[in-house]
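Comments concern the structure below.
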Amino acid sequence: MEFLLFPVGGLILGSVIFLASSSTARRFSFYIYWLVGVICFVMSILIYLTALPEDRISGLVSSYSIFGLLGYIGIIVAMLLAQTHERAALYGRVIEERQHRAASEITQLAASNIALLELLNFALDKIIGMLGLSGGTIHVFHRAKENLVLGSYMGLTARLARRLEKIEFGDTAIGRTAKNKRLLIIRDLRLSHDYEFFGGKQEGFSYMALIPIVSEGENWGVISLFGKGQYQPGSLQVDLLEQFGEQLGAALVLGRQVRNMQTARESLAFLMKTLGQELSDISAAKAGLGSARGVAGAVTRFFGGDKFDICARDGDSWRLLLSSEIADEGKSLRPFYDFSAGPFAGTIETAQQPPFAEFALDRAYIYTSLNVGREWIFVRLEGKRRANIDLELLTDSFRIIYGLYRKFTDISRQARIDLKRSLEAERRPGPEISAGIAGDLDRLMAQYSDFKQRPEMHELFIWLESIQKAARDNSRGPATKPIHVRPLAESKAAIDDIISDVIRRASGGNKANIKIDYDRNNQLPAPDIPKDDLQRSLLEFITAAIFNSDSNGSLKLTAKGENKSIVFELQGASLAETPRSGDRPKWLQQINGRLESRKIETDKGQQVDSWRLYIPLRGGYESVAESDRPPRVLAIDTQDIIRDLLSSMLANLGFEAIVVGSAAEAAELFRAGLEQGNPYSLVIADYSLEKSHEPRLARDLKALDPDTRFILLTSWGMTIDPDDALRLGVDYILNKPFRLEQLSEAIQAVSTAAR
């Protein structure tokens, strides 16, 4: 009977293994071996019980002992399979979590109007690092030429990159993937007829994965990933790769929308500046219809045209009211189209007939109308490329242009009656004209009032409001001039002399072998601090950067205006470390400046150190009230590119922000701020800093300063219960990707709650 312990123990072991294994790890192979083991144990017990007593002691090699041994083998194999499957599932979960985080960061960049090439480089670097592969490319679909062009590549030689610059559909595995929109994994690249095309023995790639980039069925391109060595089955998970391709496609769609919005904003800014300049520069040389013609010409050039015509329709007849070719004004026109039924805005391509018989053939035209199609403007485009025009913006432009035309037409009519009044009207627009212009600007500014809150548009609206006020007051005083930061027109030479003298003195110290090249910027705003303070600050800045550093050779110094500050940047290899925020030098405190240092990558791909000195632009910097200082914000994120993005966003919102890459560094800066009596009022931290998936940083910092507000940034696929977050000190949860407006709303929400 002692033998029964052998199979019974196996049954107990099999039960323990089954209960201890995860349900996700029990695959078909696990159940087969586990059932075989259990059946063998049961058979061993039955054979032993039914055997004759003399047969039970016949020896170790017996049928029931063999079944018992097979049972143990089956259970052990099942256990090994369960562990293998569980490790694979764990690896899949880790890859999926990394993928969600990568997709969140990619989408965040796409929503922030980042350049397409930078977005593709970031996405390719993420997926190659995530899967541990040797290289890869991203090809983008060129819609005009119906082929694929190389957008980004990593880990490839220049020779192979040149070969992959352009891919036709169906030519290679990349082209076939784009055409079929189906993922393709080539496990042994050496057996593929594409082997030599993808580098052959010289490159040494042995397997590859091709992922279509699609969004809502639209083809955006292909991701090609290359690996070396032997392909391990299951190392590339099809569903995760396909999901990444879809997420990148969605990010590219979002990026295109954001870039279109940015283009529209820039278009609006250009239009309003053009109108403001024309309206504020009305003089005898540009009086009457010449002013309306000047605005129309500027708008025509902006939309890529070389000729404009403003026409009026009266029944079936058409007449040319105003044109860039003055000799044509007043002529009758013969239309090729029935414009009465609409549409009242659109495009006429080069393959179509022109709007009128008198217009040039084989040219593209854009048009819009006012007053239910009674007045029209036609802009002839210079090139034959398919037009992509913001027709709503064109309509707004035409409304101003036609308003000017009507006002000055009335004045010209009055001028013919009374020559004296006509001459006065040429020297200065009358009250009726000014009121009309002010009203037109009022309607345009009201329609785009949402843009007024954007920092980059604020100065423009101030300018236009001053023009509007001057028009209402019928005055052409200084208020009609643009309001802008004082340029270095008169003091440019003096500033250059200061910088040159500082460079000479800094280079002649203990680092005489260092050469500093100054990149002059003619658009540099003038820092409104005394000459001696500027000279001393720059000398301290450069000396601190190169003192006790390992830098040698050539350094580069640049200066520019940025976010109501003048920024001096010194770039070079192995510069010194900047002082910690809690140890601000006295010279930096006197100008209320700020120092930053970081590693950056040059255009040639080299890593260099960068020191930046921020000097605020304002009058009377010596005495700044505490209430006038911008709120101090401390932001933490592990990704370099996200840190740059956060720094730019917070600067645009008017905050004094320091962005770091680790929780330890943030805690050190936070304590230093408290010790110096200059605490941070807001902390913004990324969820990925918390390896335990618990936002402990908020609790730790609030233990030091309970008044600090804390915003937690979370990524796709990562959730946190709001009640738990509140208990742990988080005041607001902001999901990636977020726009500038959403970040502003989050900061406003926690600031309001604090009051």
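Quick note on naming: the chains in the structure tokens go A, B, ... in the order shown, residues restart at 1 in each chain, and ligands are numbered from 1 in order of appearance.
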request  = Quick one: pick out all strand (DSSP E or B) residues within range 7-244 of chain A from a backbone DSSP run and write them as JSON, numbers by chain.
outcome  = {"A": [135, 136, 137, 138, 139, 140, 141, 142, 147, 148, 149, 150, 151, 152, 153, 154, 166, 167, 184, 185, 186, 207, 208, 209, 210, 211, 212, 213, 214, 215, 218, 219, 220, 221, 222, 223, 224, 225, 226, 227]}
inquiry  = as a ChimeraX atom specification, please: the residues near Leu555 in chain A (cut-off 10 Å, only C-alpha atoms, same-chain neighbours under 2 positions excluded).
reply    = /A:514-518,546,551-553,557,570-573,575
May I have the selected residues written with C-alpha atoms, as a short mmCIF file (atom, residue, chain, number, x, y, z; two decimals), in the first residue's frame?
data_model
loop_
_atom_site.label_atom_id
_atom_site.label_comp_id
_atom_site.auth_asym_id
_atom_site.auth_seq_id
_atom_site.Cartn_x
_atom_site.Cartn_y
_atom_site.Cartn_z
CA ILE A 514 38.43 78.75 -25.77
CA LYS A 515 37.01 80.66 -28.72
CA ILE A 516 33.47 82.05 -28.45
CA ASP A 517 31.58 82.76 -31.67
CA TYR A 518 28.67 85.22 -31.38
CA ILE A 546 33.41 77.78 -18.71
CA SER A 551 35.38 72.54 -22.45
CA ASN A 552 37.86 73.58 -25.11
CA GLY A 553 37.78 74.65 -28.70
CA LEU A 557 26.76 82.26 -28.22
CA LEU A 570 25.95 79.31 -24.85
CA GLN A 571 26.57 75.91 -26.49
CA GLY A 572 29.66 73.75 -26.24
CA ALA A 573 31.09 70.44 -25.07
CA LEU A 575 30.41 73.01 -19.87
#
inquiry  = Taking 4 positions as the minimum chain separation for residues in the same chain, which residues sit within 10 Å of range 665-680 of chain A when counting only C-alpha atoms? Answer as a PyMOL selection string.
reply    = chain A and resi 580-584+631-636+656-661+685+697+700-701+704-705+707-709
Output C-alpha atoms for every residue in that selection, as a compact mmCIF listing (two decimals), in the first residue's frame.
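After the write, selection_23.txt holds the following:
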# COMPACT_ATOMS: atom_id res chain seq x y z
CA ARG A 580 21.00 74.89 -8.20
CA SER A 581 17.79 76.90 -8.02
CA GLY A 582 18.27 77.35 -4.29
CA ASP A 583 21.74 78.85 -4.82
CA ARG A 584 20.94 81.72 -7.17
CA PRO A 631 3.75 81.87 -10.35
CA ARG A 632 6.58 79.36 -10.00
CA VAL A 633 5.90 75.94 -11.48
CA LEU A 634 7.94 72.77 -11.07
CA ALA A 635 7.29 70.13 -13.75
CA ILE A 636 8.69 66.58 -13.92
CA GLU A 656 8.23 80.83 -14.36
CA ALA A 657 8.77 77.12 -14.91
CA ILE A 658 11.58 74.68 -14.21
CA VAL A 659 11.22 71.25 -15.83
CA VAL A 660 13.31 68.31 -14.58
CA GLY A 661 13.52 64.60 -15.35
CA ALA A 685 4.32 65.40 -12.56
CA LEU A 697 5.38 62.42 -4.81
CA ASP A 700 5.76 63.89 0.05
CA LEU A 701 5.87 67.44 -1.33
CA LEU A 704 6.78 70.02 3.15
CA ASP A 705 4.35 72.71 1.92
CA ASP A 707 -0.22 75.07 0.05
CA THR A 708 1.37 73.54 -3.04
CA ARG A 709 -1.04 72.44 -5.80
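Considering the residues A:Ser206, A:Leu81, A:Ile641, A:Ala115 and counting only C-alpha atoms, Arg256 in chain A has its shortest atom-to-atom contact with A:Ala115.
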request  = Could you give me, as a list in words, the residues within 12 Å of Leu728 in chain A, counting only C-alpha atoms and dropping anything in the same chain fewer than 6 positions from it?
outcome  =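 My list of contacting residues is Glu694, Pro695, Arg696, Leu697, Ala698, Arg699, Asp700, Leu701, Lys702, Ala703, Phe710, Ile711, Leu712, Ile720, Asp721 and Pro722 of chain A.
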task = Quote the spacing between CA of Phe308 in chain A and CA of Val379 in chain A in Å to one decimal place.
result =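 CA of Phe308 in chain A sits 4.5 Å away from CA of Val379 in chain A.
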task = Mind listing the alpha helix (DSSP H) residues of range 220-406 of chain A, per DSSP on the backbone, as a ChimeraX atom specification?
result = /A:238-280,289-302,391-406
message = Need the shell around Phe18 in chain A: protein/DNA/RNA residues with any atom at most 10 Å away, counting only C-alpha atoms. Skip same-chain ones fewer than 2 positions apart. Format as a PyMOL selection string?
response = chain A and resi 12-16+20-23+26+30-31+34+75+78-79+82
inquiry  = So, with only C-alpha atoms as the atoms that count, which of A:Pro343, A:Gly304, A:Gly315, A:Gly330 lies closest to Arg374 in chain A?
reply    = A:Gly315
inquiry  = Set the distance at 7 Å and use only C-alpha atoms: which residues neighbour Met649 in chain A once local chain neighbours fewer than 4 positions away are removed? I'd like the list as a PyMOL selection string.
reply    = chain A and resi 645+653+740
